[in-house]
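Structure file entry.cif with mmCIF, C-alpha atoms:
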data_run
loop_
_atom_site.label_atom_id
_atom_site.label_comp_id
_atom_site.auth_asym_id
_atom_site.auth_seq_id
_atom_site.Cartn_x
_atom_site.Cartn_y
_atom_site.Cartn_z
CA LEU A 1 4.48 17.87 10.32
CA ALA A 2 6.94 20.67 9.59
CA GLU A 3 7.40 21.33 13.30
CA ALA A 4 8.28 17.65 13.69
CA GLY A 5 11.11 18.14 11.19
CA MET A 6 9.44 16.40 8.26
CA LYS A 7 9.76 17.48 4.66
CA VAL A 8 6.24 18.23 3.40
CA VAL A 9 4.98 18.15 -0.18
CA ALA A 10 1.68 20.02 -0.33
CA VAL A 11 -0.64 19.42 -3.28
CA GLY A 12 -3.57 21.54 -4.43
CA ARG A 13 -5.00 23.71 -7.19
CA ASP A 14 -4.24 27.25 -5.93
CA ARG A 15 -0.59 28.15 -6.52
CA ALA A 16 -0.80 31.35 -4.48
CA ARG A 17 -2.18 29.57 -1.43
CA GLY A 18 0.33 26.78 -1.96
CA ALA A 19 3.22 29.23 -1.90
CA ALA A 20 1.89 30.74 1.32
CA VAL A 21 1.65 27.28 2.89
CA VAL A 22 5.25 26.47 1.95
CA GLU A 23 6.42 29.76 3.43
CA ALA A 24 4.52 29.13 6.66
CA MET A 25 5.92 25.60 6.96
CA ALA A 26 9.47 26.86 6.43
CA GLU A 27 9.01 29.09 9.48
CA ARG A 28 7.84 26.14 11.59
CA GLY A 29 10.63 23.67 10.86
CA GLY A 30 11.87 21.01 8.51
CA SER A 31 13.36 21.82 5.14
CA GLY A 32 12.79 21.29 1.44
CA HIS A 33 9.03 21.86 1.63
CA GLU A 34 7.34 22.26 -1.74
CA PHE A 35 4.00 22.79 -3.41
CA ILE A 36 2.79 20.92 -6.48
CA SER A 37 -0.23 22.04 -8.45
CA CYS A 38 -2.70 19.29 -9.34
CA ASP A 39 -6.32 19.09 -10.45
CA SER A 40 -7.72 16.10 -8.57
CA PHE A 41 -11.03 16.40 -10.44
CA SER A 42 -9.13 14.45 -13.11
CA LEU A 43 -8.02 10.95 -12.11
CA ALA A 44 -5.36 11.06 -14.82
CA SER A 45 -4.00 14.31 -13.41
CA ALA A 46 -3.99 12.90 -9.88
CA THR A 47 -2.21 9.76 -11.05
CA ARG A 48 0.43 11.70 -13.00
CA CYS A 49 1.10 13.99 -10.06
CA ALA A 50 1.38 11.08 -7.64
CA ALA A 51 3.71 9.26 -10.03
CA HIS A 52 5.95 12.35 -10.17
CA ILE A 53 6.10 12.49 -6.36
CA ARG A 54 6.80 8.76 -6.16
CA ALA A 55 9.71 9.12 -8.59
CA GLU A 56 11.15 11.98 -6.54
CA HIS A 57 10.52 10.34 -3.15
CA PRO A 58 11.14 6.57 -3.10
CA ALA A 59 10.20 6.48 0.60
CA ILE A 60 7.17 8.36 1.94
CA ASP A 61 6.21 8.32 5.62
CA VAL A 62 2.76 9.94 5.62
CA LEU A 63 0.04 10.53 3.06
CA VAL A 64 -2.75 12.87 4.22
CA MET A 65 -5.80 13.28 1.99
CA SER A 66 -8.26 16.07 2.65
CA GLN A 67 -9.27 17.37 -0.79
CA GLY A 68 -12.96 18.14 -1.01
CA MET A 69 -15.78 20.54 -1.76
CA ALA A 70 -19.12 21.53 -0.25
CA THR A 71 -21.94 22.22 -2.70
CA ILE A 72 -25.65 21.61 -3.18
CA GLN A 73 -25.22 20.77 -6.87
CA GLY A 74 -26.52 17.56 -8.37
CA PHE A 75 -24.43 14.96 -10.21
CA THR A 76 -21.79 17.02 -12.01
CA PRO A 77 -19.54 14.93 -14.29
CA THR A 78 -15.79 15.33 -14.47
CA VAL A 79 -13.73 14.60 -17.58
CA ASP A 80 -13.82 10.96 -16.45
CA GLY A 81 -17.60 10.91 -16.23
CA ASN A 82 -17.58 10.64 -12.42
CA ASP A 83 -19.27 13.08 -10.07
CA GLU A 84 -17.07 16.03 -9.02
CA LYS A 85 -17.77 15.75 -5.31
CA LEU A 86 -17.28 11.98 -5.20
CA THR A 87 -14.09 12.30 -7.23
CA LEU A 88 -12.52 14.60 -4.65
CA HIS A 89 -13.90 12.76 -1.64
CA TYR A 90 -13.14 9.20 -2.78
CA TRP A 91 -12.10 8.25 -6.34
CA SER A 92 -9.07 10.58 -6.49
CA ARG A 93 -7.97 9.51 -3.03
CA MET A 94 -7.82 5.94 -4.25
CA ALA A 95 -5.92 7.04 -7.36
CA TRP A 96 -3.29 8.75 -5.21
CA ALA A 97 -2.70 5.71 -3.06
CA ASN A 98 -2.46 3.42 -6.05
CA GLU A 99 0.62 5.34 -7.13
CA LEU A 100 2.16 6.08 -3.74
CA LEU A 101 1.80 2.82 -1.83
CA SER A 102 5.10 1.47 -3.13
CA SER A 103 6.91 4.48 -1.63
CA LEU A 104 4.91 4.21 1.58
CA ARG A 105 5.85 0.56 1.98
CA ALA A 106 9.50 1.65 1.89
CA SER A 107 9.00 3.73 5.07
CA GLU A 108 9.61 2.33 8.55
CA ALA A 109 6.20 3.45 9.90
CA PRO A 110 3.95 4.53 7.00
CA ARG A 111 0.55 6.13 7.52
CA ILE A 112 -2.30 6.93 5.12
CA ILE A 113 -4.91 9.28 6.59
CA SER A 114 -8.09 10.19 4.75
CA VAL A 115 -9.89 13.06 6.48
CA LEU A 116 -13.62 13.03 5.78
CA SER A 117 -16.46 11.57 7.87
CA ALA A 118 -15.51 8.45 9.84
CA GLY A 119 -18.15 7.43 12.36
CA VAL A 120 -20.51 10.22 11.23
CA HIS A 121 -21.91 9.09 7.87
CA ALA A 122 -24.61 6.49 7.37
CA PRO A 123 -23.99 3.48 5.11
CA TYR A 124 -24.71 3.93 1.42
CA LYS A 125 -27.30 1.18 1.05
CA GLN A 126 -27.43 1.08 -2.76
CA PHE A 127 -23.76 0.26 -3.28
CA MET A 128 -24.67 -2.85 -5.26
CA GLU A 129 -27.54 -1.50 -7.39
CA ASP A 130 -26.00 1.93 -8.08
CA PRO A 131 -22.29 1.60 -7.19
CA GLU A 132 -21.19 4.89 -8.81
CA LEU A 133 -24.25 6.89 -7.70
CA LYS A 134 -25.37 7.76 -11.22
CA LEU A 135 -29.03 6.82 -10.76
CA ASN A 136 -30.00 7.91 -7.24
CA TYR A 137 -27.92 11.03 -6.68
CA SER A 138 -28.75 13.31 -3.75
CA ILE A 139 -26.67 15.39 -1.36
CA LYS A 140 -27.20 12.84 1.42
CA ASN A 141 -26.43 9.84 -0.78
CA ALA A 142 -23.26 11.52 -2.03
CA ALA A 143 -22.12 12.25 1.53
CA ASP A 144 -22.95 8.75 2.76
CA MET A 145 -21.34 7.06 -0.23
CA ALA A 146 -18.09 9.02 0.10
CA GLY A 147 -17.77 8.23 3.81
CA PHE A 148 -18.88 4.60 3.46
CA TYR A 149 -16.53 4.01 0.53
CA ASN A 150 -13.59 5.53 2.43
CA ASP A 151 -14.28 3.06 5.25
CA LEU A 152 -14.46 0.09 2.89
CA GLY A 153 -11.80 1.10 0.36
CA LEU A 154 -9.19 1.73 3.04
CA ASP A 155 -10.22 -1.50 4.76
CA ALA A 156 -9.62 -3.38 1.50
CA LEU A 157 -6.16 -1.86 1.14
CA GLY A 158 -5.27 -2.43 4.77
CA SER A 159 -6.27 -6.08 4.55
CA GLU A 160 -3.86 -6.84 1.70
CA PRO A 161 -0.79 -8.79 2.93
CA ALA A 162 1.56 -6.51 0.97
CA ASN A 163 0.30 -3.56 3.02
CA ALA A 164 0.64 -5.17 6.44
CA GLY A 165 3.11 -2.51 7.58
CA VAL A 166 0.96 0.45 6.48
CA VAL A 167 -1.59 2.00 8.85
CA PHE A 168 -4.77 3.15 7.09
CA VAL A 169 -6.93 5.74 8.86
CA HIS A 170 -10.29 7.31 8.01
CA ALA A 171 -10.90 10.30 10.29
CA VAL A 172 -13.52 12.99 10.82
CA PRO A 173 -12.28 16.53 11.53
CA GLY A 174 -15.41 17.95 13.15
CA PHE A 175 -16.60 21.51 12.49
CA VAL A 176 -13.46 23.58 11.92
CA LYS A 177 -12.74 27.26 11.24
CA THR A 178 -11.71 26.85 7.60
CA ARG A 179 -12.79 28.03 4.14
CA TRP A 180 -15.22 25.08 3.96
CA GLY A 181 -18.35 26.04 2.05
CA THR A 182 -16.65 28.39 -0.42
CA GLU A 183 -18.63 26.86 -3.29
CA MET A 184 -21.99 27.31 -1.51
CA PRO A 185 -24.52 29.99 -2.61
CA TRP A 186 -24.40 33.19 -0.55
CA TRP A 187 -27.56 32.41 1.39
CA ILE A 188 -25.93 29.28 2.80
CA LYS A 189 -22.34 30.52 2.95
CA GLY A 190 -23.28 33.53 5.11
CA PRO A 191 -24.76 31.51 8.02
CA VAL A 192 -21.95 28.94 7.68
CA ARG A 193 -19.33 31.66 8.12
CA MET A 194 -21.11 32.88 11.26
CA LEU A 195 -21.28 29.38 12.71
CA GLN A 196 -17.62 28.77 11.91
CA LEU A 197 -16.72 31.39 14.49
CA LEU A 198 -17.67 28.67 16.97
CA GLY A 199 -15.68 25.98 15.15
CA ARG A 200 -12.52 24.21 16.22
CA ASP A 201 -9.17 25.84 15.79
CA PRO A 202 -7.44 24.34 12.70
CA ALA A 203 -4.25 23.71 14.70
CA VAL A 204 -6.17 21.70 17.30
CA CYS A 205 -7.89 19.74 14.55
CA ALA A 206 -4.61 19.05 12.75
CA GLU A 207 -3.00 17.74 15.93
CA ALA A 208 -5.85 15.27 16.39
CA MET A 209 -5.90 14.19 12.73
CA LEU A 210 -2.15 13.50 12.82
CA HIS A 211 -2.29 11.56 16.08
CA PRO A 212 -1.52 8.24 14.32
CA VAL A 213 1.66 9.72 12.83
CA PHE A 214 3.19 10.22 16.25
CA CYS A 215 2.18 6.87 17.73
CA THR A 216 3.89 3.53 17.32
CA ASN A 217 2.00 0.64 15.74
CA GLU A 218 1.82 -0.98 19.16
CA GLU A 219 0.25 2.13 20.68
CA LEU A 220 -2.30 2.34 17.87
CA ASN A 221 -3.16 -1.34 18.24
CA ALA A 222 -3.78 -0.77 21.94
CA GLU A 223 -6.00 2.26 21.25
CA PHE A 224 -7.90 1.07 18.18
CA GLY A 225 -7.44 -2.69 18.08
CA GLY A 226 -5.13 -4.51 15.70
CA GLY A 227 -5.65 -6.97 12.90
CA GLY A 228 -5.11 -4.87 9.81
CA GLY A 229 -7.82 -3.13 7.81
CA VAL A 230 -8.78 0.45 8.59
CA LEU A 231 -8.73 2.51 11.79
CA LEU A 232 -11.77 4.79 12.10
CA MET A 233 -11.03 7.90 14.15
CA THR A 234 -13.18 10.62 15.73
CA GLN A 235 -12.35 14.33 15.79
CA ASP A 236 -10.69 13.76 19.17
CA ALA A 237 -8.48 10.92 17.88
CA LYS A 238 -10.59 8.24 19.55
CA PRO A 239 -11.98 5.05 17.95
CA ALA A 240 -15.06 5.63 15.78
CA ALA A 241 -17.70 3.00 15.08
CA LYS A 242 -18.16 1.16 11.79
CA THR A 243 -21.56 1.18 10.15
CA ASP A 244 -23.76 -1.91 10.43
CA MET A 245 -23.21 -2.59 6.70
CA HIS A 246 -19.42 -2.76 6.98
CA THR A 247 -19.05 -6.43 6.06
CA PRO A 248 -16.40 -8.42 4.17
CA GLU A 249 -18.85 -8.76 1.28
CA ALA A 250 -19.39 -5.00 1.13
CA VAL A 251 -15.63 -4.39 1.26
CA ALA A 252 -15.07 -6.75 -1.68
CA ASN A 253 -17.92 -5.24 -3.70
CA VAL A 254 -16.88 -1.62 -3.18
CA TRP A 255 -13.25 -2.45 -3.89
CA GLY A 256 -14.29 -4.11 -7.15
CA THR A 257 -16.17 -0.94 -8.14
CA THR A 258 -13.15 1.17 -7.18
CA ARG A 259 -10.80 -0.90 -9.31
CA ALA A 260 -13.20 -0.63 -12.24
CA VAL A 261 -13.35 3.19 -12.00
CA LEU A 262 -9.57 3.50 -11.72
CA ASP A 263 -8.93 1.04 -14.54
CA ARG A 264 -11.41 2.88 -16.76
CA ALA A 265 -9.58 6.16 -16.19
CA ALA A 266 -6.22 4.51 -16.79
CA ALA A 267 -7.48 2.92 -20.02
CA ALA A 268 -8.60 6.33 -21.25
CA GLU A 269 -5.01 7.48 -20.73
CA GLY A 270 -3.77 4.53 -22.74
CA LYS A 271 -2.49 2.34 -19.94
CA GLY A 272 -3.94 -0.13 -17.46
CA ALA A 273 -3.91 0.49 -13.74
CA GLY A 274 -2.30 -2.87 -13.16
CA ALA A 275 -2.72 -5.13 -10.18
CA GLY A 276 -1.25 -2.70 -7.66
CA THR A 277 -3.14 -1.22 -4.77
CA THR A 278 -5.00 2.06 -4.82
CA THR A 279 -5.96 5.22 -2.87
CA SER A 280 -5.18 8.87 -2.23
CA SER A 281 -4.20 12.42 -2.61
CA THR A 282 -2.72 14.99 -0.30
#
Structure re-expressed in structure tokens:
Amino acid sequence: LAEAGMKVVAVGRDRARGAAVVEAMAERGGSGHEFISCDSFSLASATRCAAHIRAEHPAIDVLVMSQGMATIQGFTPTVDGNDEKLTLHYWSRMAWANELLSSLRASEAPRIISVLSAGVHAPYKQFMEDPELKLNYSIKNAADMAGFYNDLGLDALGSEPANAGVVFVHAVPGFVKTRWGTEMPWWIKGPVRMLQLLGRDPAVCAEAMLHPVFCTNEELNAEFGGGGGVLLMTQDAKPAAKTDMHTPEAVANVWGTTRAVLDRAAAAEGKGAGAGTTTSST
């Protein structure tokens, strides 16, 4: 993005790493890059940070969401009572978009890209009986729910008439040479680090994940099919398949759950989330 001349606002928890990212981007191109510290484990924190960015940037071209964690822990509640992993992989991403969509709509060709597991995850089959995964938590269920909910949540947003000009993408990065697995115990992290030597180069991955940014809407429609909703994208920037449970009824149900979680967090802060749309983090 910096090489393309864009101004980039990076968001994360580690100020030292953030400063290094800003310095590296400044060497690549663009200007005015900045880092903002935010704890996306807290939906209130994510919302406040996104609101600050929205106030500073009335028009935003691209929102990329890749916050996450890799652990073998069970359900671990955040301050909001939601699971940590699911908060990073889904709930906080929806909180970010809820605040930033108004600025994205002001762009000529806005894109929202959530990088997680498109086309790889299975459907989360208990989305009606246990919509927040508080009764049947497992590592697999958490992974499937996060991916499935990204599919459906972004589809719900992309289907809203007010968002007709915004392209919503759920992508899968593949196995990349990154710090993924930092939170794992040593006996898992060691083999992961060895395998990552065979992983994809981060620059190659980034180019594929940002493919929609450098395509026109017409080009994307030709590649992925038009009609609104969400574009599901493989690690090679090709169309990914929806699950067999990706139905209009499932979209409506998951979006209702999402609104309830966001509204609950907003109420705890003393304000309602309103009728606006929702999703994201960077």
For the point (0.8, 10.9, -10.5) in the file's frame, write as a ChimeraX atom specification all residues with an atom no more than 10 Å away, counting all atoms listed in the file. /A:38,43-55,95-100,281
Need to verify the contact set: segment 4-7 of chain A, 8 Å, all atoms listed in the file, exclusion of same-chain residues closer than 4 positions in sequence. Can you return it as an MDAnalysis selection string? chainID A and resid 29:33
Closest atom pairs, residues of segment 106-187 of chain A within 9 Å of segment 211-222 of chain A, all atoms listed in the file, as JSON lines:
{"residue": "A:Ala109", "atom": "CA", "partner": "A:Asn217", "partner_atom": "CA", "distance": 7.7}
{"residue": "A:Pro110", "atom": "CA", "partner": "A:Val213", "partner_atom": "CA", "distance": 8.1}
{"residue": "A:Arg111", "atom": "CA", "partner": "A:Val213", "partner_atom": "CA", "distance": 6.5}
{"residue": "A:Ile113", "atom": "CA", "partner": "A:Pro212", "partner_atom": "CA", "distance": 8.5}
{"residue": "A:Gly165", "atom": "CA", "partner": "A:Asn217", "partner_atom": "CA", "distance": 8.8}
{"residue": "A:Val167", "atom": "CA", "partner": "A:Asn217", "partner_atom": "CA", "distance": 7.9}
{"residue": "A:Val169", "atom": "CA", "partner": "A:Pro212", "partner_atom": "CA", "distance": 8.1}
Residue with smallest distance to Asn136 of chain A - pool A:Tyr124, A:Met25, A:Asp244, A:Met194, counting only C-alpha atoms: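 Distance minimum relative to Asn136 of chain A lands on A:Tyr124.
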Quick check on the file I pasted: which residues fall under the PyMOL selection byres ((chain A and resi 259-271) around 12)? Write them as a PyMOL selection string. chain A and resi 41-48+78-83+86-87+90-99+131-132+153+156-157+252-258+272-280
Report the distance between atom CA of Val230 of chain A and atom CA of Ser117 of chain A in Å, rounded to one decimal place.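 We find that atom CA of Val230 of chain A and atom CA of Ser117 of chain A lie 13.5 Å from each other.
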Could you state the separation of atom CA of Val166 of chain A and atom CA of Ala240 of chain A in Å, given to one decimal place? 19.2 Å
Residue among A:Leu1, A:Ala241, A:Ala250, A:Ala19 lying closest to Ala118 of chain A, counting all atoms listed in the file: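 That would be A:Ala241, the residue with the smallest distance to Ala118 of chain A.
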Just want the 7 Å neighbourhood of Val11 of chain A, counted on all atoms listed in the file, with same-chain residues fewer than 6 positions away dropped. Output as a JSON list (two decimals) with C-alpha atoms, in the frame of the given file.
[["chain", "number", "residue", "atom", "x", "y", "z"],
["A", 35, "PHE", "CA", 4.00, 22.79, -3.41],
["A", 36, "ILE", "CA", 2.79, 20.92, -6.48],
["A", 37, "SER", "CA", -0.23, 22.04, -8.45],
["A", 38, "CYS", "CA", -2.70, 19.29, -9.34],
["A", 282, "THR", "CA", -2.72, 14.99, -0.30]]
Might you spell out which residues the PyMOL selection byres ((chain A and resi 105) around 9) would select in the displayed file, as a PyMOL selection string? chain A and resi 59-61+100-104+106-110+162-166
Within 12 Å of (-17.1, 6.6, 10.5), in the coordinates the file gives, what residues turn up when you count all atoms listed in the file, written out as a count of residues only? 42
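Taking atom CA of Glu34 of chain A and atom CA of Leu210 of chain A as endpoints, the distance between them is 19.5 Å.
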With only C-alpha atoms as the basis for distance, which of A:Ala26, A:Thr178, A:Val21, A:Gln67 is at the shortest distance from Gly199 of chain A? A:Thr178
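For the residues A:Ala237, A:Ala70, A:Ala20, A:Ala2, ranking by smallest atom-to-atom distance to Val204 of chain A using all atoms listed in the file places A:Ala237 first.
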Which residue, A:Phe168, A:Lys85, A:Ala24, A:Cys205, has the smallest gap to Thr71 of chain A when you use only C-alpha atoms? A:Lys85
